[in-house]
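> Just so it is clear, I am handing over upload21.cif, which has mmCIF, C-alpha atoms.
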```cif
data_coords
#
loop_
_atom_site.group_PDB
_atom_site.id
_atom_site.type_symbol
_atom_site.label_atom_id
_atom_site.label_comp_id
_atom_site.auth_asym_id
_atom_site.auth_seq_id
_atom_site.Cartn_x
_atom_site.Cartn_y
_atom_site.Cartn_z
ATOM 1 C CA MET A 1 16.148 7.774 -6.694
ATOM 2 C CA GLU A 2 15.061 5.224 -4.124
ATOM 3 C CA TYR A 3 11.906 4.556 -6.126
ATOM 4 C CA PRO A 4 10.977 2.473 -9.185
ATOM 5 C CA PRO A 5 11.191 3.887 -12.749
ATOM 6 C CA ILE A 6 7.962 5.862 -13.236
ATOM 7 C CA ILE A 7 8.434 7.996 -10.108
ATOM 8 C CA GLY A 8 12.063 8.543 -11.059
ATOM 9 C CA LEU A 9 11.178 9.465 -14.637
ATOM 10 C CA GLY A 10 8.334 11.690 -13.475
ATOM 11 C CA ASN A 11 10.567 13.687 -11.165
ATOM 12 C CA TRP A 12 13.256 13.897 -13.835
ATOM 13 C CA LEU A 13 10.686 15.513 -16.149
ATOM 14 C CA ILE A 14 9.507 17.828 -13.364
ATOM 15 C CA SER A 15 13.098 19.019 -12.957
ATOM 16 C CA PHE A 16 12.912 20.601 -16.437
ATOM 17 C CA ILE A 17 10.081 22.928 -15.375
ATOM 18 C CA THR A 18 11.522 23.718 -11.950
ATOM 19 C CA PRO A 19 12.953 27.274 -11.802
ATOM 20 C CA ALA A 20 16.589 27.475 -10.743
ATOM 21 C CA GLU A 21 15.919 30.135 -8.134
ATOM 22 C CA ASN A 22 14.513 28.704 -4.897
ATOM 23 C CA SER A 23 14.364 25.380 -6.743
ATOM 24 C CA HIS A 24 13.735 23.181 -3.688
ATOM 25 C CA ARG A 25 10.548 25.103 -2.871
ATOM 26 C CA TRP A 26 9.360 25.125 -6.501
ATOM 27 C CA PHE A 27 10.058 21.408 -6.800
ATOM 28 C CA PHE A 28 7.914 20.691 -3.739
ATOM 29 C CA ASP A 29 5.092 22.970 -4.898
ATOM 30 C CA ILE A 30 4.931 21.442 -8.374
ATOM 31 C CA ASN A 31 4.842 17.966 -6.879
ATOM 32 C CA ALA A 32 2.172 19.061 -4.382
ATOM 33 C CA VAL A 33 -0.097 20.302 -7.178
ATOM 34 C CA ILE A 34 0.304 16.985 -9.014
ATOM 35 C CA ILE A 35 -0.443 15.039 -5.816
ATOM 36 C CA ILE A 36 -3.603 17.079 -5.146
ATOM 37 C CA PHE A 37 -4.777 16.312 -8.682
ATOM 38 C CA LEU A 38 -4.040 12.597 -8.245
ATOM 39 C CA PHE A 39 -5.754 12.589 -4.854
ATOM 40 C CA LEU A 40 -8.936 13.928 -6.456
ATOM 41 C CA ILE A 41 -8.727 11.240 -9.138
ATOM 42 C CA SER A 42 -8.211 8.519 -6.517
ATOM 43 C CA ALA A 43 -11.239 9.807 -4.584
ATOM 44 C CA LEU A 44 -13.328 9.654 -7.755
ATOM 45 C CA ILE A 45 -12.255 6.059 -8.440
ATOM 46 C CA VAL A 46 -13.100 5.085 -4.848
ATOM 47 C CA ARG A 47 -16.518 6.683 -5.363
ATOM 48 C CA ARG A 48 -17.011 4.629 -8.531
ATOM 49 C CA ILE A 49 -16.143 1.413 -6.719
ATOM 50 C CA LYS A 50 -17.850 2.009 -3.353
ATOM 51 C CA PRO A 51 -20.116 5.103 -3.519
ATOM 52 C CA GLU A 52 -21.847 4.469 -0.173
ATOM 53 C CA TYR A 53 -18.628 4.740 1.850
ATOM 54 C CA SER A 54 -16.461 6.849 -0.469
ATOM 55 C CA TYR A 55 -16.653 9.910 1.814
ATOM 56 C CA LEU A 56 -14.469 8.123 4.381
ATOM 57 C CA TYR A 57 -11.361 8.326 2.211
ATOM 58 C CA PRO A 58 -11.047 12.127 1.773
ATOM 59 C CA VAL A 59 -11.996 12.884 5.407
ATOM 60 C CA ALA A 60 -9.571 10.384 6.973
ATOM 61 C CA PRO A 61 -7.155 12.523 9.048
ATOM 62 C CA ALA A 62 -4.167 10.220 8.542
ATOM 63 C CA VAL A 63 -4.604 10.536 4.776
ATOM 64 C CA ALA A 64 -4.650 14.347 4.914
ATOM 65 C CA ALA A 65 -1.601 14.359 7.208
ATOM 66 C CA SER A 66 0.400 12.073 4.891
ATOM 67 C CA LEU A 67 -0.643 13.434 1.523
ATOM 68 C CA PHE A 68 2.582 15.264 0.677
ATOM 69 C CA ILE A 69 5.051 12.684 1.988
ATOM 70 C CA ASN A 70 6.859 11.243 -1.034
ATOM 71 C CA TRP A 71 5.101 9.986 -4.170
ATOM 72 C CA ASP A 72 3.185 6.886 -3.080
ATOM 73 C CA LEU A 73 -0.106 8.339 -4.270
ATOM 74 C CA TRP A 74 1.159 8.048 -7.857
ATOM 75 C CA ALA A 75 1.003 4.265 -7.484
ATOM 76 C CA THR A 76 -2.249 4.299 -5.517
ATOM 77 C CA VAL A 77 -4.196 5.886 -8.388
ATOM 78 C CA SER A 78 -3.059 3.332 -10.952
ATOM 79 C CA ALA A 79 -3.629 0.468 -8.492
ATOM 80 C CA LEU A 80 -7.198 1.639 -7.866
ATOM 81 C CA ALA A 81 -7.741 1.872 -11.616
ATOM 82 C CA ALA A 82 -6.538 -1.724 -11.970
ATOM 83 C CA ILE A 83 -9.024 -2.866 -9.306
ATOM 84 C CA TYR A 84 -11.892 -0.890 -10.849
ATOM 85 C CA TYR A 85 -11.381 -2.344 -14.332
ATOM 86 C CA PHE A 86 -10.782 -5.849 -12.996
ATOM 87 C CA ASP A 87 -14.124 -5.955 -11.204
ATOM 88 C CA LYS A 88 -15.753 -4.582 -14.365
ATOM 89 C CA LYS A 89 -14.176 -7.601 -16.131
ATOM 90 C CA LYS A 90 -12.151 -5.293 -18.361
ATOM 91 C CA TYR A 91 -9.065 -7.383 -17.836
ATOM 92 C CA GLU A 92 -6.895 -5.832 -20.538
ATOM 93 C CA ALA A 93 -7.239 -2.321 -19.107
ATOM 94 C CA SER A 94 -6.786 -3.669 -15.574
ATOM 95 C CA SER A 95 -3.561 -5.504 -16.402
ATOM 96 C CA ILE A 96 -2.116 -2.422 -18.123
ATOM 97 C CA TRP A 97 -2.861 -0.223 -15.111
ATOM 98 C CA LEU A 98 -1.467 -2.824 -12.718
ATOM 99 C CA GLY A 99 1.744 -3.034 -14.760
ATOM 100 C CA ILE A 100 2.043 0.753 -14.580
ATOM 101 C CA SER A 101 1.403 0.679 -10.832
ATOM 102 C CA ILE A 102 4.087 -1.952 -10.214
ATOM 103 C CA ALA A 103 6.558 0.099 -12.251
ATOM 104 C CA THR A 104 5.642 3.091 -10.089
ATOM 105 C CA LYS A 105 5.959 1.653 -6.590
ATOM 106 C CA PHE A 106 6.290 -2.159 -6.891
ATOM 107 C CA PHE A 107 4.013 -2.931 -3.895
ATOM 108 C CA PRO A 108 0.907 -3.567 -6.083
ATOM 109 C CA ILE A 109 2.588 -6.795 -7.219
ATOM 110 C CA VAL A 110 0.875 -8.350 -4.166
ATOM 111 C CA PHE A 111 -2.471 -7.932 -5.979
ATOM 112 C CA LEU A 112 -1.464 -10.791 -8.268
ATOM 113 C CA LEU A 113 -2.189 -13.363 -5.553
ATOM 114 C CA PRO A 114 -5.907 -12.534 -5.107
ATOM 115 C CA ILE A 115 -6.218 -11.900 -8.849
ATOM 116 C CA ALA A 116 -4.866 -15.374 -9.645
ATOM 117 C CA ILE A 117 -7.192 -17.008 -7.101
ATOM 118 C CA ILE A 118 -10.239 -15.134 -8.413
ATOM 119 C CA PHE A 119 -9.447 -16.195 -11.985
ATOM 120 C CA TYR A 120 -8.920 -19.791 -10.858
ATOM 121 C CA LYS A 121 -12.174 -19.939 -8.902
ATOM 122 C CA ARG A 122 -14.013 -18.527 -11.914
ATOM 123 C CA ASN A 123 -12.355 -21.141 -14.127
ATOM 124 C CA LYS A 124 -10.729 -18.479 -16.302
ATOM 125 C CA ILE A 125 -7.236 -19.896 -16.604
ATOM 126 C CA LYS A 126 -6.621 -18.533 -20.097
ATOM 127 C CA GLU A 127 -7.596 -15.034 -18.947
ATOM 128 C CA LEU A 128 -5.217 -15.434 -16.008
ATOM 129 C CA TYR A 129 -2.273 -16.220 -18.287
ATOM 130 C CA LEU A 130 -3.096 -13.280 -20.547
ATOM 131 C CA TYR A 131 -3.475 -10.977 -17.554
ATOM 132 C CA LEU A 132 -0.105 -12.009 -16.127
ATOM 133 C CA PHE A 133 1.563 -11.682 -19.534
ATOM 134 C CA ARG A 134 0.286 -8.141 -20.112
ATOM 135 C CA THR A 135 1.130 -7.044 -16.556
ATOM 136 C CA VAL A 136 4.690 -8.368 -16.801
ATOM 137 C CA LEU A 137 5.101 -6.876 -20.283
ATOM 138 C CA ILE A 138 4.063 -3.387 -19.175
ATOM 139 C CA THR A 139 6.228 -3.585 -16.056
ATOM 140 C CA LEU A 140 9.272 -4.685 -18.067
ATOM 141 C CA ALA A 141 8.662 -1.964 -20.664
ATOM 142 C CA PHE A 142 9.434 0.640 -17.994
ATOM 143 C CA ASN A 143 12.133 -1.291 -16.134
ATOM 144 C CA LEU A 144 14.299 -2.976 -18.760
ATOM 145 C CA PRO A 145 15.434 0.128 -20.694
ATOM 146 C CA LEU A 146 16.587 1.838 -17.502
ATOM 147 C CA ALA A 147 18.195 -1.351 -16.170
ATOM 148 C CA ILE A 148 20.165 -1.659 -19.394
ATOM 149 C CA VAL A 149 21.167 1.996 -19.703
ATOM 150 C CA TYR A 150 21.819 2.746 -16.030
ATOM 151 C CA PHE A 151 21.794 -0.393 -13.922
ATOM 152 C CA ASP A 152 23.132 1.156 -10.693
ATOM 153 C CA GLY A 153 20.414 3.801 -10.611
ATOM 154 C CA TRP A 154 17.692 1.286 -11.456
ATOM 155 C CA TRP A 155 18.956 -1.240 -8.877
ATOM 156 C CA ARG A 156 19.194 1.346 -6.062
ATOM 157 C CA PHE A 157 15.555 0.932 -4.984
ATOM 158 C CA PHE A 158 15.704 -2.863 -4.887
ATOM 159 C CA LYS A 159 19.113 -2.913 -3.206
ATOM 160 C CA LEU A 160 17.907 -0.584 -0.449
ATOM 161 C CA ASN A 161 14.896 -2.750 0.349
ATOM 162 C CA LEU A 162 16.847 -6.008 0.266
ATOM 163 C CA ASN A 163 19.668 -4.781 2.487
ATOM 164 C CA ARG A 164 17.857 -2.551 4.980
ATOM 165 C CA SER A 165 17.552 -3.702 8.572
ATOM 166 C CA ASP A 166 14.580 -3.029 10.857
ATOM 167 C CA ASP A 167 13.516 0.561 10.273
ATOM 168 C CA PHE A 168 11.089 3.207 11.528
ATOM 169 C CA GLY A 169 7.485 2.166 12.112
ATOM 170 C CA SER A 170 7.929 -1.566 11.632
ATOM 171 C CA ILE A 171 7.024 -4.148 14.247
ATOM 172 C CA TRP A 172 10.661 -5.257 14.124
ATOM 173 C CA TYR A 173 11.941 -1.774 14.987
ATOM 174 C CA ALA A 174 9.378 -1.414 17.779
ATOM 175 C CA LEU A 175 10.383 -4.736 19.321
ATOM 176 C CA ASN A 176 14.024 -3.720 19.087
ATOM 177 C CA LEU A 177 13.303 -0.459 20.925
ATOM 178 C CA LEU A 178 11.495 -2.427 23.644
ATOM 179 C CA GLY A 179 14.587 -4.576 24.158
ATOM 180 C CA PHE A 180 13.643 -7.631 22.101
ATOM 181 C CA LYS A 181 16.636 -8.230 19.843
ATOM 182 C CA ILE A 182 15.565 -10.330 16.877
ATOM 183 C CA PRO A 183 18.362 -12.188 15.049
ATOM 184 C CA GLY A 184 18.086 -13.015 11.352
ATOM 185 C CA ILE A 185 15.368 -10.446 10.707
ATOM 186 C CA ASN A 186 15.521 -10.871 6.927
ATOM 187 C CA TYR A 187 14.771 -14.580 7.188
ATOM 188 C CA LEU A 188 12.064 -14.093 9.790
ATOM 189 C CA TYR A 189 10.444 -11.249 7.839
ATOM 190 C CA THR A 190 10.449 -13.327 4.652
ATOM 191 C CA THR A 191 9.103 -16.444 6.378
ATOM 192 C CA LEU A 192 6.310 -14.565 8.156
ATOM 193 C CA THR A 193 5.288 -12.720 4.998
ATOM 194 C CA ILE A 194 5.118 -15.919 2.952
ATOM 195 C CA ALA A 195 3.195 -17.701 5.727
ATOM 196 C CA LEU A 196 0.588 -14.925 5.904
ATOM 197 C CA PHE A 197 0.143 -14.863 2.136
ATOM 198 C CA ILE A 198 -0.350 -18.637 2.168
ATOM 199 C CA ALA A 199 -2.955 -18.161 4.922
ATOM 200 C CA LEU A 200 -4.701 -15.525 2.796
ATOM 201 C CA ALA A 201 -4.691 -17.877 -0.202
ATOM 202 C CA ILE A 202 -6.217 -20.689 1.874
ATOM 203 C CA PHE A 203 -8.894 -18.310 3.189
ATOM 204 C CA LEU A 204 -9.805 -17.168 -0.336
ATOM 205 C CA PHE A 205 -9.898 -20.719 -1.684
ATOM 206 C CA LYS A 206 -12.202 -21.815 1.130
ATOM 207 C CA LEU A 207 -14.757 -19.081 0.441
ATOM 208 C CA ARG A 208 -17.819 -20.669 -1.131
ATOM 209 C CA THR A 209 -18.439 -17.574 -3.230
ATOM 210 C CA THR A 210 -15.788 -15.753 -5.225
ATOM 211 C CA PRO A 211 -15.197 -12.199 -3.935
ATOM 212 C CA ASN A 212 -14.444 -9.153 -6.035
ATOM 213 C CA LEU A 213 -10.897 -7.832 -6.089
ATOM 214 C CA ALA A 214 -12.104 -4.662 -4.328
ATOM 215 C CA GLN A 215 -13.137 -6.803 -1.348
ATOM 216 C CA VAL A 216 -9.802 -8.562 -0.867
ATOM 217 C CA ALA A 217 -7.024 -6.338 -2.288
ATOM 218 C CA PHE A 218 -6.765 -4.632 1.102
ATOM 219 C CA PHE A 219 -5.694 -7.866 2.806
ATOM 220 C CA ALA A 220 -2.697 -8.351 0.523
ATOM 221 C CA VAL A 221 -1.420 -4.823 1.181
ATOM 222 C CA ALA A 222 -2.165 -5.124 4.908
ATOM 223 C CA ILE A 223 0.093 -8.192 5.063
ATOM 224 C CA PHE A 224 2.801 -6.473 3.035
ATOM 225 C CA THR A 225 2.869 -3.338 5.190
ATOM 226 C CA THR A 226 2.504 -5.107 8.546
ATOM 227 C CA THR A 227 5.432 -7.469 8.057
ATOM 228 C CA SER A 228 7.600 -4.957 6.177
ATOM 229 C CA LYS A 229 10.924 -3.870 7.600
ATOM 230 C CA VAL A 230 9.733 -0.259 7.493
ATOM 231 C CA TYR A 231 6.385 1.500 7.870
ATOM 232 C CA SER A 232 6.386 5.038 6.553
ATOM 233 C CA PRO A 233 3.452 7.346 7.411
ATOM 234 C CA GLN A 234 2.460 7.644 3.741
ATOM 235 C CA TYR A 235 1.674 3.919 3.586
ATOM 236 C CA VAL A 236 -1.751 4.894 4.889
ATOM 237 C CA LEU A 237 -2.321 6.323 1.388
ATOM 238 C CA TRP A 238 -2.206 2.755 0.104
ATOM 239 C CA LEU A 239 -4.296 1.217 2.845
ATOM 240 C CA THR A 240 -7.139 3.690 3.352
ATOM 241 C CA PRO A 241 -8.725 3.686 -0.129
ATOM 242 C CA LEU A 242 -8.417 -0.115 -0.241
ATOM 243 C CA ALA A 243 -10.030 -0.314 3.201
ATOM 244 C CA VAL A 244 -12.942 1.876 2.089
ATOM 245 C CA ILE A 245 -13.710 -0.202 -1.002
ATOM 246 C CA ALA A 246 -13.546 -3.366 1.135
ATOM 247 C CA LEU A 247 -16.316 -2.195 3.496
ATOM 248 C CA THR A 248 -19.598 -4.100 3.259
ATOM 249 C CA LYS A 249 -21.545 -3.012 6.386
ATOM 250 C CA SER A 250 -22.017 0.345 8.066
ATOM 251 C CA ASN A 251 -21.063 -1.005 11.516
ATOM 252 C CA GLN A 252 -17.580 -1.814 10.167
ATOM 253 C CA GLN A 253 -16.946 1.918 10.312
ATOM 254 C CA ILE A 254 -16.408 1.605 14.075
ATOM 255 C CA SER A 255 -13.325 -0.558 13.587
ATOM 256 C CA PHE A 256 -12.327 1.601 10.583
ATOM 257 C CA TRP A 257 -12.225 4.741 12.734
ATOM 258 C CA PHE A 258 -10.461 2.910 15.540
ATOM 259 C CA TRP A 259 -7.757 1.931 13.074
ATOM 260 C CA GLN A 260 -7.586 5.478 11.664
ATOM 261 C CA ALA A 261 -7.187 6.822 15.201
ATOM 262 C CA THR A 262 -4.183 4.552 15.711
ATOM 263 C CA GLU A 263 -2.761 5.692 12.354
ATOM 264 C CA ILE A 264 -2.960 9.384 13.233
ATOM 265 C CA THR A 265 -1.516 8.613 16.684
ATOM 266 C CA TYR A 266 1.426 6.936 14.978
ATOM 267 C CA HIS A 267 1.739 9.815 12.519
ATOM 268 C CA LEU A 268 2.069 12.321 15.358
ATOM 269 C CA GLY A 269 4.336 9.971 17.289
ATOM 270 C CA VAL A 270 6.876 9.377 14.537
ATOM 271 C CA TRP A 271 7.547 13.094 14.032
ATOM 272 C CA GLN A 272 7.862 13.656 17.766
ATOM 273 C CA TYR A 273 10.268 10.718 17.939
ATOM 274 C CA LEU A 274 12.324 12.010 15.006
ATOM 275 C CA ALA A 275 12.550 15.404 16.714
ATOM 276 C CA GLY A 276 15.010 13.774 19.077
ATOM 277 C CA TYR A 277 17.372 13.175 16.160
ATOM 278 C CA THR A 278 17.582 16.942 15.569
ATOM 279 C CA GLY A 279 18.612 17.695 19.137
ATOM 280 C CA ALA A 280 15.241 19.284 19.949
ATOM 281 C CA SER A 281 14.360 19.842 23.605
ATOM 282 C CA PHE A 282 11.036 18.058 23.062
ATOM 283 C CA GLY A 283 10.204 14.721 21.548
ATOM 284 C CA LEU A 284 8.789 11.279 22.171
ATOM 285 C CA PRO A 285 10.818 8.695 24.122
ATOM 286 C CA SER A 286 11.743 5.546 22.237
ATOM 287 C CA GLY A 287 9.522 3.333 24.390
ATOM 288 C CA ALA A 288 6.447 5.489 23.762
ATOM 289 C CA TYR A 289 7.198 5.524 20.025
ATOM 290 C CA ALA A 290 7.437 1.719 20.045
ATOM 291 C CA ILE A 291 4.042 1.490 21.751
ATOM 292 C CA ALA A 292 2.543 3.875 19.161
ATOM 293 C CA SER A 293 3.946 1.627 16.395
ATOM 294 C CA ILE A 294 2.452 -1.511 17.955
ATOM 295 C CA LEU A 295 -0.866 0.244 18.624
ATOM 296 C CA ARG A 296 -1.100 1.089 14.924
ATOM 297 C CA VAL A 297 -0.659 -2.597 14.071
ATOM 298 C CA VAL A 298 -3.327 -3.548 16.630
ATOM 299 C CA GLY A 299 -5.725 -1.076 15.005
ATOM 300 C CA LEU A 300 -5.034 -2.449 11.533
ATOM 301 C CA LEU A 301 -5.412 -6.073 12.660
ATOM 302 C CA THR A 302 -8.681 -5.285 14.454
ATOM 303 C CA PHE A 303 -10.170 -3.713 11.344
ATOM 304 C CA THR A 304 -8.851 -6.572 9.191
ATOM 305 C CA TYR A 305 -10.456 -9.150 11.495
ATOM 306 C CA PHE A 306 -13.919 -7.598 11.156
ATOM 307 C CA LEU A 307 -13.568 -7.454 7.359
ATOM 308 C CA LEU A 308 -12.493 -11.099 7.167
ATOM 309 C CA ARG A 309 -15.302 -12.207 9.458
ATOM 310 C CA GLU A 310 -17.957 -10.443 7.389
ATOM 311 C CA ILE A 311 -16.658 -11.863 4.100
ATOM 312 C CA SER A 312 -16.717 -15.353 5.610
ATOM 313 C CA VAL A 313 -20.277 -14.899 6.935
ATOM 314 C CA ARG A 314 -21.563 -13.496 3.638
ATOM 315 C CA SER A 315 -19.966 -16.342 1.704
ATOM 316 C CA THR A 316 -21.660 -18.925 3.948
ATOM 317 C CA VAL A 317 -25.054 -17.218 3.750
ATOM 318 C CA LYS A 318 -24.987 -16.828 -0.028
ATOM 319 C CA SER A 319 -23.924 -20.419 -0.608
ATOM 320 C CA GLY A 320 -26.597 -21.639 1.807
#
```
Would you mind writing the file's structure down as structure tokens?

Amino acid sequence: MEYPPIIGLGNWLISFITPAENSHRWFFDINAVIIIFLFLISALIVRRIKPEYSYLYPVAPAVAASLFINWDLWATVSALAAIYYFDKKKYEASSIWLGISIATKFFPIVFLLPIAIIFYKRNKIKELYLYLFRTVLITLAFNLPLAIVYFDGWWRFFKLNLNRSDDFGSIWYALNLLGFKIPGINYLYTTLTIALFIALAIFLFKLRTTPNLAQVAFFAVAIFTTTSKVYSPQYVLWLTPLAVIALTKSNQQISFWFWQATEITYHLGVWQYLAGYTGASFGLPSGAYAIASILRVVGLLTFTYFLLREISVRSTVKSG
């Protein structure tokens, strides 16, 4: 499968309880039931972390529209658990859940940057080393056995992501559709991603007060998804719960809903655009799809700006 070990193992186990007759439909239905259960758990964790804004997550239209696309929610639940336990200073439980999440989808590895900075600013270097050790250990526990037994299957996910060119939903694909041919996309994508993570690190170091992981985890994933060579509709399942737990003021909901509006616009646009690949008589022209992709990025960046500004203001006020 084009996914890390836990999703592959999970679907392998599901195959044993999938009836042979009409198996494709049964396989989807079984997975859908599991996803609904995990969605409820994720909503409960969001409520534990940010009760005052937790209602935003289950009512977000882009979340509902993307719920049954692939298995990303499996990783979202464990990532949220890692954040919850980290901010409760239960670092052992947090590191275990983060290791599980990385072995499920890999993207939560970006949490390690804000985690390391928070530990450093709190002068907890020993705890940082232990946290990293446990996270790596759990991640390897799921990856190494499969890599040894069946390397080609294990490597398929990583190979796909390393070798893919600009793909649906990404800023790179949108620019390509608009006629801007970008040479050396892999180098540019890597350079931009690293530069933005360095900028995030500088921002976090300059804060006079140390934020919670719930406040800043969103920024790491926002960078990862914005610069990625692909943006699938289900990525909103990563971003939305992290966005909700990052909220600190009620007026931030204006930019939150603006961003969500751009997400659902993109969600509708991508399926209309893909309709053209099936030879349908309807569909969205490539230029309009590119604009929808860029609009989604504008919405995300707008919301991110207001979050960053408020964190900076609160840090200055508290230190003063």
> With the PyMOL selection byres ((chain A and resi 225-231) around 7) as the selection, what would be picked from this file? Answer as a ChimeraX atom specification, please.
/A:165-170,172,189,193,221-224,232-233,235,297
> Evaluating the PyMOL selection byres ((chain A and resi 14) around 12) on the displayed file yields which residues, as a list in words?
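Evaluating the PyMOL selection byres ((chain A and resi 14) around 12) on these coordinates yields Ile7, Gly8, Leu9, Gly10, Asn11, Trp12, Leu13, Ser15, Phe16, Ile17, Thr18, Pro19, Ser23, His24, Trp26, Phe27, Phe28, Asp29, Ile30, Asn31, Ala32, Val33 and Ile34 of chain A.
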> Which residues would end up in the selection if the PyMOL selection byres ((chain A and resi 117) around 10) were applied here, given that I need the answer as a list in words?
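Expected selection for the PyMOL selection byres ((chain A and resi 117) around 10) here is Leu112, Leu113, Pro114, Ile115, Ala116, Ile118, Phe119, Tyr120, Lys121, Arg122, Asn123, Lys124, Ile125, Leu128, Ala201, Ile202, Leu204, Phe205, Thr210, Pro211 and Leu213 of chain A.
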> Could you work out an axis-aligned bounding box for all listed atoms of segment 26-34 of chain A, with 6 Å added on each of the six sides, and give its centre and edge lengths in Å to one decimal, as AutoDock Vina command-line options?

```
--center_x 5.0 --center_y 21.1 --center_z -6.4 --size_x 22.2 --size_y 20.1 --size_z 17.3
```
> Which is closest to Ile291 of chain A among A:Phe306, A:Trp259, A:Asn176, A:Leu192, if we use all atoms listed in the file?
A:Asn176
> How far is it from atom CA of Tyr266 of chain A to atom CA of Ala292 of chain A, in Å with one decimal?
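Going from atom CA of Tyr266 of chain A over to atom CA of Ala292 of chain A covers 5.3 Å.
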> One decimal, Å: what's the distance from atom CA of Leu295 of chain A over to atom CA of Phe218 of chain A, could you say?
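Computing it gives 19.1 Å between the two atoms.
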> Which one of A:Ala65, A:Ala214, A:Glu2, A:Tyr129 sits closest to Asp152 of chain A if you count all atoms listed in the file?
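Closest residue, counting all atoms listed in the file: A:Glu2.
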